[in-house]
>>> print(open('entry-v4.json').read())   # JSON, C-alpha atoms
[["chain", "number", "residue", "atom", "x", "y", "z"],
["E", 17, "MET", "CA", -27.26, 60.90, 47.71],
["E", 18, "THR", "CA", -23.72, 59.65, 47.02],
["E", 19, "ALA", "CA", -23.52, 56.94, 44.37],
["E", 20, "LYS", "CA", -22.16, 53.63, 45.59],
["E", 21, "PRO", "CA", -18.83, 52.55, 44.07],
["E", 22, "PRO", "CA", -18.92, 49.56, 41.70],
["E", 23, "LEU", "CA", -17.85, 46.12, 42.87],
["E", 24, "ASP", "CA", -17.52, 42.98, 40.78],
["E", 25, "ILE", "CA", -17.99, 39.80, 42.82],
["E", 26, "LEU", "CA", -16.53, 36.59, 41.42],
["E", 27, "LEU", "CA", -18.37, 33.72, 43.07],
["E", 28, "CYS", "CA", -16.37, 30.50, 43.19],
["E", 29, "ALA", "CA", -18.07, 27.27, 42.15],
["E", 30, "PRO", "CA", -18.12, 24.68, 43.54],
["E", 31, "ARG", "CA", -18.41, 26.11, 47.04],
["E", 32, "GLY", "CA", -20.24, 25.31, 50.25],
["E", 33, "PHE", "CA", -21.83, 22.04, 51.29],
["E", 34, "CYS", "CA", -20.34, 18.77, 50.03],
["E", 35, "ALA", "CA", -22.16, 15.44, 49.88],
["E", 36, "GLY", "CA", -20.71, 14.26, 53.20],
["E", 37, "VAL", "CA", -21.86, 17.39, 55.03],
["E", 38, "VAL", "CA", -25.34, 17.22, 53.47],
["E", 39, "ARG", "CA", -25.60, 13.57, 54.59],
["E", 40, "ALA", "CA", -24.52, 14.39, 58.16],
["E", 41, "ILE", "CA", -26.92, 17.31, 58.58],
["E", 42, "ASP", "CA", -29.74, 15.34, 56.97],
["E", 43, "ALA", "CA", -29.02, 12.50, 59.40],
["E", 44, "VAL", "CA", -29.62, 14.75, 62.41],
["E", 45, "GLU", "CA", -32.77, 16.26, 60.90],
["E", 46, "LYS", "CA", -34.11, 12.84, 59.87],
["E", 47, "ALA", "CA", -33.46, 11.42, 63.34],
["E", 48, "LEU", "CA", -35.36, 14.36, 64.85],
["E", 49, "ALA", "CA", -38.25, 13.79, 62.43],
["E", 50, "LEU", "CA", -38.43, 10.06, 63.16],
["E", 51, "HIS", "CA", -37.71, 10.02, 66.88],
["E", 52, "GLY", "CA", -38.41, 13.53, 68.14],
["E", 53, "ALA", "CA", -36.19, 15.62, 70.38],
["E", 54, "PRO", "CA", -33.73, 15.32, 71.91],
["E", 55, "VAL", "CA", -31.27, 13.68, 69.55],
["E", 56, "TYR", "CA", -27.73, 13.63, 70.91],
["E", 57, "VAL", "CA", -24.72, 14.38, 68.70],
["E", 58, "ARG", "CA", -21.17, 13.60, 69.75],
["E", 59, "HIS", "CA", -19.07, 16.66, 68.87],
["E", 60, "GLU", "CA", -20.08, 19.17, 66.19],
["E", 61, "ILE", "CA", -21.82, 17.29, 63.39],
["E", 62, "VAL", "CA", -19.86, 19.51, 60.98],
["E", 63, "HIS", "CA", -17.49, 22.40, 61.69],
["E", 64, "ASN", "CA", -19.87, 25.31, 61.30],
["E", 65, "LYS", "CA", -21.30, 27.26, 64.23],
["E", 66, "TYR", "CA", -24.32, 28.47, 62.23],
["E", 67, "VAL", "CA", -25.28, 24.89, 61.32],
["E", 68, "VAL", "CA", -24.77, 23.64, 64.86],
["E", 69, "GLU", "CA", -26.87, 26.43, 66.40],
["E", 70, "SER", "CA", -29.62, 25.80, 63.83],
["E", 71, "LEU", "CA", -29.75, 22.12, 64.74],
["E", 72, "LYS", "CA", -29.77, 22.96, 68.46],
["E", 73, "ARG", "CA", -32.92, 25.02, 67.92],
["E", 74, "LYS", "CA", -34.54, 21.99, 66.30],
["E", 75, "GLY", "CA", -33.75, 19.74, 69.27],
["E", 76, "ALA", "CA", -30.23, 18.41, 68.76],
["E", 77, "VAL", "CA", -28.05, 18.28, 71.87],
["E", 78, "PHE", "CA", -24.31, 18.34, 71.27],
["E", 79, "VAL", "CA", -22.03, 16.56, 73.73],
["E", 80, "ALA", "CA", -18.28, 16.13, 73.98],
["E", 81, "GLU", "CA", -18.41, 12.51, 75.12],
["E", 82, "LEU", "CA", -20.98, 9.71, 75.37],
["E", 83, "SER", "CA", -20.79, 9.90, 79.18],
["E", 84, "GLU", "CA", -22.79, 13.15, 78.90],
["E", 85, "VAL", "CA", -25.78, 11.39, 77.29],
["E", 86, "PRO", "CA", -28.34, 10.90, 80.10],
["E", 87, "ASP", "CA", -30.85, 8.70, 78.25],
["E", 88, "ALA", "CA", -29.69, 5.55, 76.46],
["E", 89, "THR", "CA", -33.02, 5.26, 74.63],
["E", 90, "ARG", "CA", -32.42, 8.42, 72.58],
["E", 91, "PRO", "CA", -30.51, 8.41, 69.27],
["E", 92, "VAL", "CA", -26.83, 9.30, 69.43],
["E", 93, "ILE", "CA", -25.16, 10.45, 66.21],
["E", 94, "PHE", "CA", -21.42, 10.44, 65.45],
["E", 95, "SER", "CA", -20.12, 13.41, 63.48],
["E", 96, "ALA", "CA", -19.07, 13.52, 59.82],
["E", 97, "HIS", "CA", -15.38, 13.62, 60.84],
["E", 98, "GLY", "CA", -15.37, 10.03, 62.11],
["E", 99, "VAL", "CA", -14.60, 8.60, 65.54],
["E", 100, "PRO", "CA", -12.08, 6.21, 67.11],
["E", 101, "LYS", "CA", -13.25, 2.61, 67.38],
["E", 102, "SER", "CA", -13.53, 3.05, 71.14],
["E", 103, "VAL", "CA", -16.56, 5.31, 70.65],
["E", 104, "PRO", "CA", -18.94, 2.86, 68.90],
["E", 105, "ALA", "CA", -17.64, 0.16, 71.26],
["E", 106, "GLU", "CA", -18.69, 2.29, 74.25],
["E", 107, "ALA", "CA", -22.04, 3.03, 72.61],
["E", 108, "GLN", "CA", -22.65, -0.68, 72.12],
["E", 109, "SER", "CA", -21.67, -1.55, 75.68],
["E", 110, "ARG", "CA", -24.14, 1.04, 76.98],
["E", 111, "GLN", "CA", -26.80, -0.17, 74.52],
["E", 112, "PHE", "CA", -27.18, 3.21, 72.83],
["E", 113, "PHE", "CA", -29.12, 3.63, 69.60],
["E", 114, "ALA", "CA", -26.05, 4.87, 67.72],
["E", 115, "ILE", "CA", -26.07, 6.33, 64.20],
["E", 116, "ASP", "CA", -22.76, 6.81, 62.42],
["E", 117, "ALA", "CA", -22.79, 9.90, 60.17],
["E", 118, "THR", "CA", -19.09, 9.62, 59.28],
["E", 119, "CYS", "CA", -18.47, 10.84, 55.73],
["E", 120, "PRO", "CA", -18.01, 7.79, 53.48],
["E", 121, "LEU", "CA", -14.77, 9.31, 52.15],
["E", 122, "VAL", "CA", -13.40, 9.40, 55.70],
["E", 123, "THR", "CA", -14.54, 5.80, 56.20],
["E", 124, "LYS", "CA", -12.56, 4.93, 53.06],
["E", 125, "VAL", "CA", -9.39, 6.20, 54.76],
["E", 126, "HIS", "CA", -10.21, 4.16, 57.87],
["E", 127, "ARG", "CA", -10.58, 1.00, 55.76],
["E", 128, "GLU", "CA", -7.30, 1.68, 53.94],
["E", 129, "ALA", "CA", -5.48, 2.02, 57.25],
["E", 130, "GLU", "CA", -6.98, -1.23, 58.52],
["E", 131, "VAL", "CA", -5.92, -3.11, 55.38],
["E", 132, "HIS", "CA", -2.35, -1.82, 55.64],
["E", 133, "HIS", "CA", -2.23, -2.82, 59.30],
["E", 134, "LYS", "CA", -3.48, -6.34, 58.56],
["E", 135, "ARG", "CA", -0.71, -6.67, 55.97],
["E", 136, "GLY", "CA", 1.92, -5.77, 58.53],
["E", 137, "ARG", "CA", 2.66, -2.27, 57.29],
["E", 138, "HIS", "CA", 3.40, 0.79, 59.41],
["E", 139, "ILE", "CA", 1.11, 3.65, 58.45],
["E", 140, "LEU", "CA", 2.04, 7.30, 57.99],
["E", 141, "LEU", "CA", -0.93, 9.65, 58.31],
["E", 142, "VAL", "CA", -0.51, 13.08, 56.73],
["E", 143, "GLY", "CA", -2.75, 15.42, 58.67],
["E", 144, "HIS", "CA", -3.15, 17.99, 61.44],
["E", 145, "ALA", "CA", -2.75, 16.96, 65.08],
["E", 146, "GLY", "CA", -5.87, 17.35, 67.16],
["E", 147, "HIS", "CA", -8.30, 17.49, 64.24],
["E", 148, "PRO", "CA", -11.29, 15.17, 64.90],
["E", 149, "GLU", "CA", -10.72, 13.34, 61.62],
["E", 150, "VAL", "CA", -7.11, 12.60, 62.53],
["E", 151, "ILE", "CA", -8.12, 11.46, 66.03],
["E", 152, "GLY", "CA", -10.73, 9.19, 64.45],
["E", 153, "THR", "CA", -8.34, 7.68, 61.90],
["E", 154, "MET", "CA", -5.57, 7.06, 64.44],
["E", 155, "GLY", "CA", -8.18, 5.54, 66.73],
["E", 156, "GLN", "CA", -8.98, 2.80, 64.23],
["E", 157, "LEU", "CA", -5.80, 0.93, 65.14],
["E", 158, "PRO", "CA", -3.71, 0.13, 68.22],
["E", 159, "ASP", "CA", -1.37, 2.76, 69.63],
["E", 160, "GLY", "CA", 1.86, 2.95, 67.66],
["E", 161, "ALA", "CA", 0.40, 1.57, 64.44],
["E", 162, "ILE", "CA", 0.15, 5.03, 62.86],
["E", 163, "THR", "CA", 2.65, 7.90, 62.84],
["E", 164, "LEU", "CA", 1.29, 11.39, 62.22],
["E", 165, "ILE", "CA", 3.14, 13.54, 59.68],
["E", 166, "GLU", "CA", 2.28, 17.25, 59.68],
["E", 167, "THR", "CA", 5.21, 18.87, 57.86],
["E", 168, "ARG", "CA", 8.22, 18.14, 55.65],
["E", 169, "GLU", "CA", 10.32, 18.62, 58.78],
["E", 170, "ASP", "CA", 8.46, 15.66, 60.30],
["E", 171, "VAL", "CA", 9.48, 13.62, 57.26],
["E", 172, "ALA", "CA", 13.13, 14.52, 57.75],
["E", 173, "ARG", "CA", 13.21, 13.40, 61.39],
["E", 174, "LEU", "CA", 10.99, 10.34, 60.99],
["E", 175, "THR", "CA", 12.41, 7.06, 62.27],
["E", 176, "PRO", "CA", 9.99, 4.32, 61.21],
["E", 177, "PRO", "CA", 10.02, 0.78, 62.61],
["E", 178, "GLU", "CA", 12.76, -1.34, 61.05],
["E", 179, "GLY", "CA", 11.88, -4.16, 58.70],
["E", 180, "ARG", "CA", 8.32, -2.97, 58.06],
["E", 181, "GLU", "CA", 6.74, -1.84, 54.82],
["E", 182, "LEU", "CA", 5.47, 1.73, 54.94],
["E", 183, "ALA", "CA", 2.16, 3.03, 53.58],
["E", 184, "TYR", "CA", 0.57, 6.44, 53.81],
["E", 185, "VAL", "CA", -2.95, 7.82, 54.07],
["E", 186, "THR", "CA", -4.09, 11.44, 54.43],
["E", 187, "GLN", "CA", -6.69, 13.56, 56.10],
["E", 188, "THR", "CA", -9.40, 14.34, 53.54],
["E", 189, "THR", "CA", -9.47, 18.14, 54.01],
["E", 190, "LEU", "CA", -5.84, 19.14, 53.51],
["E", 191, "SER", "CA", -4.26, 21.59, 51.11],
["E", 192, "VAL", "CA", -3.69, 19.69, 47.88],
["E", 193, "ASP", "CA", -0.39, 21.49, 47.23],
["E", 194, "ASP", "CA", 0.95, 21.14, 50.79],
["E", 195, "THR", "CA", 0.09, 17.46, 50.85],
["E", 196, "ARG", "CA", 1.76, 16.86, 47.49],
["E", 197, "GLU", "CA", 4.98, 18.39, 48.83],
["E", 198, "ILE", "CA", 4.90, 16.25, 51.98],
["E", 199, "VAL", "CA", 4.15, 13.07, 50.02],
["E", 200, "GLN", "CA", 6.98, 13.83, 47.58],
["E", 201, "ALA", "CA", 9.36, 14.25, 50.53],
["E", 202, "LEU", "CA", 8.17, 10.90, 51.93],
["E", 203, "GLN", "CA", 8.67, 9.20, 48.56],
["E", 204, "VAL", "CA", 12.20, 10.57, 48.28],
["E", 205, "ARG", "CA", 13.10, 9.17, 51.71],
["E", 206, "PHE", "CA", 11.13, 5.96, 51.29],
["E", 207, "PRO", "CA", 10.95, 5.00, 47.59],
["E", 208, "ALA", "CA", 8.97, 1.81, 48.36],
["E", 209, "LEU", "CA", 6.26, 3.80, 50.18],
["E", 210, "ILE", "CA", 2.81, 2.40, 49.36],
["E", 211, "ALA", "CA", 0.29, 5.00, 48.20],
["E", 212, "PRO", "CA", -3.53, 4.94, 48.38],
["E", 213, "HIS", "CA", -5.23, 3.34, 45.38],
["E", 214, "LYS", "CA", -7.16, 6.59, 45.00],
["E", 215, "GLU", "CA", -6.37, 10.06, 46.34],
["E", 216, "ASP", "CA", -7.49, 10.46, 49.98],
["E", 217, "ILE", "CA", -8.08, 14.23, 49.79],
["E", 218, "CYS", "CA", -11.75, 14.34, 48.94],
["E", 219, "TYR", "CA", -13.24, 15.60, 45.69],
["E", 220, "ALA", "CA", -14.94, 18.55, 47.43],
["E", 221, "THR", "CA", -11.72, 19.82, 49.02],
["E", 222, "THR", "CA", -9.89, 19.55, 45.69],
["E", 223, "ASN", "CA", -12.66, 21.21, 43.67],
["E", 224, "ARG", "CA", -13.06, 24.14, 46.04],
["E", 225, "GLN", "CA", -9.31, 24.77, 46.09],
["E", 226, "GLU", "CA", -9.15, 24.69, 42.28],
["E", 227, "ALA", "CA", -11.93, 27.29, 42.03],
["E", 228, "VAL", "CA", -10.08, 29.57, 44.45],
["E", 229, "LYS", "CA", -6.85, 29.17, 42.46],
["E", 230, "ARG", "CA", -8.75, 30.36, 39.38],
["E", 231, "VAL", "CA", -10.33, 33.38, 41.06],
["E", 232, "ALA", "CA", -7.66, 34.57, 43.52],
["E", 233, "PRO", "CA", -5.26, 36.16, 40.97],
["E", 234, "LEU", "CA", -8.16, 38.10, 39.42],
["E", 235, "VAL", "CA", -9.45, 39.89, 42.54],
["E", 236, "ASP", "CA", -8.35, 42.51, 45.09],
["E", 237, "GLY", "CA", -9.60, 40.46, 48.00],
["E", 238, "LEU", "CA", -11.27, 37.11, 48.73],
["E", 239, "ILE", "CA", -13.61, 36.02, 51.51],
["E", 240, "VAL", "CA", -13.94, 32.41, 52.57],
["E", 241, "VAL", "CA", -17.24, 31.83, 54.35],
["E", 242, "GLY", "CA", -16.69, 29.29, 57.10],
["E", 243, "SER", "CA", -15.79, 28.61, 60.72],
["E", 244, "PRO", "CA", -12.25, 28.99, 62.06],
["E", 245, "ASN", "CA", -12.19, 25.33, 63.22],
["E", 246, "SER", "CA", -13.02, 24.10, 59.71],
["E", 247, "SER", "CA", -9.86, 22.63, 58.18],
["E", 248, "ASN", "CA", -11.04, 22.82, 54.58],
["E", 249, "SER", "CA", -12.10, 26.47, 55.05],
["E", 250, "GLN", "CA", -8.72, 27.44, 56.49],
["E", 251, "ARG", "CA", -7.02, 25.73, 53.56],
["E", 252, "LEU", "CA", -9.10, 27.78, 51.10],
["E", 253, "ARG", "CA", -7.85, 30.99, 52.72],
["E", 254, "GLU", "CA", -4.25, 29.76, 52.47],
["E", 255, "VAL", "CA", -4.72, 28.73, 48.84],
["E", 256, "ALA", "CA", -5.99, 32.24, 47.99],
["E", 257, "GLU", "CA", -2.90, 33.81, 49.59],
["E", 258, "ARG", "CA", -0.55, 31.53, 47.69],
["E", 259, "ALA", "CA", -2.36, 32.22, 44.43],
["E", 260, "GLY", "CA", -1.58, 35.93, 44.75],
["E", 261, "CYS", "CA", -4.68, 37.40, 46.33],
["E", 262, "PRO", "CA", -3.66, 40.56, 48.27],
["E", 263, "VAL", "CA", -6.23, 40.05, 51.05],
["E", 264, "SER", "CA", -7.93, 36.79, 52.02],
["E", 265, "ARG", "CA", -10.01, 36.36, 55.14],
["E", 266, "LEU", "CA", -12.10, 33.60, 56.71],
["E", 267, "VAL", "CA", -15.39, 34.88, 58.14],
["E", 268, "LEU", "CA", -18.56, 33.17, 59.30],
["E", 269, "ARG", "CA", -20.98, 36.11, 59.37],
["E", 270, "THR", "CA", -21.06, 39.71, 58.18],
["E", 271, "ASP", "CA", -20.17, 41.12, 61.60],
["E", 272, "GLU", "CA", -16.70, 39.54, 61.20],
["E", 273, "ILE", "CA", -15.85, 41.49, 58.04],
["E", 274, "ASP", "CA", -13.07, 44.01, 58.56],
["E", 275, "TRP", "CA", -14.29, 46.76, 56.26],
["E", 276, "SER", "CA", -10.98, 48.61, 56.53],
["E", 277, "LEU", "CA", -9.39, 45.76, 54.55],
["E", 278, "PHE", "CA", -12.08, 45.66, 51.87],
["E", 279, "GLY", "CA", -12.94, 49.37, 51.61],
["E", 280, "ALA", "CA", -11.13, 50.19, 48.36],
["E", 281, "ILE", "CA", -11.54, 46.96, 46.43],
["E", 282, "ARG", "CA", -13.11, 46.77, 42.98],
["E", 283, "ARG", "CA", -13.12, 43.00, 42.50],
["E", 284, "LEU", "CA", -13.99, 40.54, 45.28],
["E", 285, "GLY", "CA", -13.84, 36.76, 45.29],
["E", 286, "ILE", "CA", -16.19, 34.77, 47.53],
["E", 287, "THR", "CA", -16.17, 31.07, 48.30],
["E", 288, "ALA", "CA", -17.41, 28.88, 51.15],
["E", 289, "GLY", "CA", -15.98, 25.90, 52.99],
["E", 290, "ALA", "CA", -17.62, 22.52, 52.62],
["E", 291, "SER", "CA", -19.55, 22.92, 55.88],
["E", 292, "ALA", "CA", -20.85, 26.46, 55.21],
["E", 293, "PRO", "CA", -24.46, 26.88, 54.02],
["E", 294, "GLU", "CA", -25.29, 29.03, 51.00],
["E", 295, "VAL", "CA", -27.46, 31.33, 53.12],
["E", 296, "LEU", "CA", -24.26, 32.71, 54.70],
["E", 297, "VAL", "CA", -22.76, 33.40, 51.27],
["E", 298, "GLU", "CA", -25.92, 35.33, 50.35],
["E", 299, "GLU", "CA", -25.67, 37.26, 53.63],
["E", 300, "ILE", "CA", -22.09, 38.31, 52.77],
["E", 301, "ILE", "CA", -23.10, 39.40, 49.26],
["E", 302, "ASP", "CA", -26.00, 41.43, 50.71],
["E", 303, "ALA", "CA", -23.61, 43.19, 53.11],
["E", 304, "PHE", "CA", -21.39, 44.27, 50.21],
["E", 305, "ALA", "CA", -24.46, 45.30, 48.18],
["E", 306, "GLU", "CA", -25.34, 47.80, 50.91],
["E", 307, "ARG", "CA", -21.99, 49.54, 50.34],
["E", 308, "TYR", "CA", -21.32, 48.91, 46.64],
["E", 309, "GLU", "CA", -23.11, 48.67, 43.33],
["E", 310, "VAL", "CA", -22.61, 44.94, 42.99],
["E", 311, "THR", "CA", -22.45, 42.68, 39.96],
["E", 312, "VAL", "CA", -22.06, 38.95, 40.54],
["E", 313, "GLU", "CA", -20.37, 36.49, 38.19],
["E", 314, "THR", "CA", -19.96, 32.78, 38.91],
["E", 315, "VAL", "CA", -16.61, 31.20, 38.04],
["E", 316, "SER", "CA", -17.08, 27.43, 37.80],
["E", 317, "THR", "CA", -14.27, 24.89, 37.57],
["E", 318, "ALA", "CA", -16.15, 21.61, 38.15],
["E", 319, "ASP", "CA", -19.63, 20.11, 38.34],
["E", 320, "GLU", "CA", -20.48, 18.05, 41.42],
["E", 321, "SER", "CA", -23.14, 15.37, 41.42],
["E", 322, "VAL", "CA", -21.95, 13.19, 44.31],
["E", 323, "PHE", "CA", -24.67, 11.85, 46.60],
["E", 324, "PHE", "CA", -24.36, 9.73, 49.73],
["E", 325, "PRO", "CA", -27.42, 7.92, 51.13],
["E", 326, "LEU", "CA", -28.42, 8.38, 54.75],
["E", 327, "PRO", "CA", -27.12, 5.95, 57.37],
["E", 328, "ARG", "CA", -29.06, 2.68, 57.18],
["E", 329, "GLU", "CA", -30.90, 3.31, 60.47],
["E", 330, "LEU", "CA", -32.56, 6.40, 58.98],
["E", 331, "ARG", "CA", -33.55, 5.20, 55.53],
["E", 332, "GLU", "CA", -37.18, 4.76, 54.61],
["E", 333, "PRO", "CA", -38.16, 1.10, 54.12],
["E", 334, "THR", "CA", -38.40, 0.14, 50.45],
["E", 335, "PRO", "CA", -41.91, -1.11, 49.56],
["E", 336, "THR", "CA", -42.03, -4.72, 48.40],
["E", 337, "ALA", "CA", -43.86, -5.88, 45.28],
["E", 338, "ALA", "CA", -46.62, -7.34, 47.43],
["E", 339, "GLU", "CA", -47.29, -3.95, 48.96]]
>>> encode(input="entry-v4.json", output="structure tokens")
Amino acid sequence: MTAKPPLDILLCAPRGFCAGVVRAIDAVEKALALHGAPVYVRHEIVHNKYVVESLKRKGAVFVAELSEVPDATRPVIFSAHGVPKSVPAEAQSRQFFAIDATCPLVTKVHREAEVHHKRGRHILLVGHAGHPEVIGTMGQLPDGAITLIETREDVARLTPPEGRELAYVTQTTLSVDDTREIVQALQVRFPALIAPHKEDICYATTNRQEAVKRVAPLVDGLIVVGSPNSSNSQRLREVAERAGCPVSRLVLRTDEIDWSLFGAIRRLGITAGASAPEVLVEEIIDAFAERYEVTVETVSTADESVFFPLPRELREPTPTAAE
């Protein structure tokens, strides 16, 4: 029997689920426990096919729009990415039992944008066109109130409204380094640009990127566990490339691993996007253990203890003193 070659796996920490994703998934599961199936969910609750399919098996029904919900008496949950104001307005007009599972850190960006708008400022949103979070943020305000900025080239050709103060907000799941470059370009062009009181890119995105930056130069290849439509997962792959990792790939399950790329490696980094469950990380490690003599070391760059309570409609009632 041929001995398996050695492989050192450096496991990035933090990785995987963030507090906003845990809250959103728990919201669907709690709604199913309290109200039974079906529970309707507008769009993917989080960007992970494995999670979505798991919730479908439990009785969640995912729809693209509220018009697809056939029964107004059933709970309807809005995804962690946030929604335009028109969506809860439609839910209210149709008397739906709506539950908003928007990540509180996304809601923070929405509130910032609203405050800037009330103060007469034009808002620049740094983000990716078409991403649900960007659609939700732009949908908080009237058309024309927000200009989307995707690149430094967008900054160069930007013509903002005359006589208006400018403020910027950002999508929460962007590359920290890319965003810094875009914001610096904005500040050079518009020195009076008003910044968020606190960074909009969320703690989980930042922490996961920092862990990858630490590991990527030390390994021959790095796998990001996550779905291709997950912005924060795609950014982790890009961060690994920039940090000098020779091969970095985004995969959801083991059948997506291109073994021709990872066949001769001796050190492998593994991380997971904020919407990827740990069970998929373990599945990837097991696949490598079938081919290599694996040792696993965790490389930690931050401790996370953030917790977000469930949406109010799903919280257990607090017993009173009389009870």
>>> atom_distance(input="entry-v4.json", atom1="CA of Ile210 (chain E)", atom2="CA of Tyr184 (chain E)")
6.4 Å
>>> residues_around(input="entry-v4.json", residues="Asp159 (chain E)", least_positions_apart="6", cutoff="12 Å", atoms="only C-alpha atoms", output="MDAnalysis selection string")
chainID E and resid 100 133 138:139 151 153
>>> write_last_selection(input="entry-v4.json", atoms="C-alpha atoms", output="PDB file, in the coordinates of the input")
ATOM      1  CA  PRO E 100     -12.080   6.210  67.110  1.00  0.00           C
ATOM      2  CA  HIS E 133      -2.230  -2.820  59.300  1.00  0.00           C
ATOM      3  CA  HIS E 138       3.400   0.790  59.410  1.00  0.00           C
ATOM      4  CA  ILE E 139       1.110   3.650  58.450  1.00  0.00           C
ATOM      5  CA  ILE E 151      -8.120  11.460  66.030  1.00  0.00           C
ATOM      6  CA  THR E 153      -8.340   7.680  61.900  1.00  0.00           C
TER       7      THR E 153
END
>>> closest_residue(input="entry-v4.json", among="E:Glu309, E:Asp170, E:Asp87, E:Glu294", to="Arg282 (chain E)", atoms="only C-alpha atoms")
E:Glu309
>>> atom_distance(input="entry-v4.json", atom1="CA of Gly98 (chain E)", atom2="CA of Ala227 (chain E)")
26.7 Å
>>> closest_atom_pairs(input="entry-v4.json", of="region 210-317 of chain E", to="region 59-82 of chain E", cutoff="10 Å", atoms="only C-alpha atoms", output="tab-separated table")
residue	atom	partner	partner_atom	distance
E:Val241	CA	E:Asn64	CA	9.9
E:Gly242	CA	E:Asn64	CA	6.6
E:Ser243	CA	E:Asn64	CA	5.3
E:Pro244	CA	E:His63	CA	8.4
E:Asn245	CA	E:His63	CA	6.2
E:Ser246	CA	E:His63	CA	5.2
E:Ser247	CA	E:His63	CA	8.4
E:Asn248	CA	E:His63	CA	9.6
E:Ser249	CA	E:His63	CA	9.5
E:Leu268	CA	E:Tyr66	CA	8.0
E:Arg269	CA	E:Tyr66	CA	8.8
E:Gly289	CA	E:Asn64	CA	9.2
E:Ala290	CA	E:His63	CA	9.1
E:Ser291	CA	E:Asn64	CA	5.9
E:Ala292	CA	E:Asn64	CA	6.3
E:Pro293	CA	E:Val67	CA	7.6
E:Leu296	CA	E:Tyr66	CA	8.6
>>> residues_around(input="entry-v4.json", residues="region 199-207 of chain E", least_positions_apart="4", cutoff="8 Å", atoms="all atoms listed in the file", output="list in words")
Arg168, Val171, Leu182 and Thr195 of chain E
>>> write_last_selection(input="entry-v4.json", atoms="C-alpha atoms", output="CSV table (one decimal), in the coordinates of the input")
chain,number,residue,atom,x,y,z
E,168,ARG,CA,8.2,18.1,55.6
E,171,VAL,CA,9.5,13.6,57.3
E,182,LEU,CA,5.5,1.7,54.9
E,195,THR,CA,0.1,17.5,50.8
>>> axis_aligned_box(input="entry-v4.json", around="region 181-184 of chain E", padding_each_side="5 Å", output="lines of an AutoDock Vina configuration file")
center_x = 3.7
center_y = 2.3
center_z = 54.3
size_x = 16.2
size_y = 18.3
size_z = 11.4
>>> closest_residue(input="entry-v4.json", among="E:His144, E:His97, E:Arg39, E:Arg137", to="Thr123 (chain E)", atoms="all atoms listed in the file")
E:His97
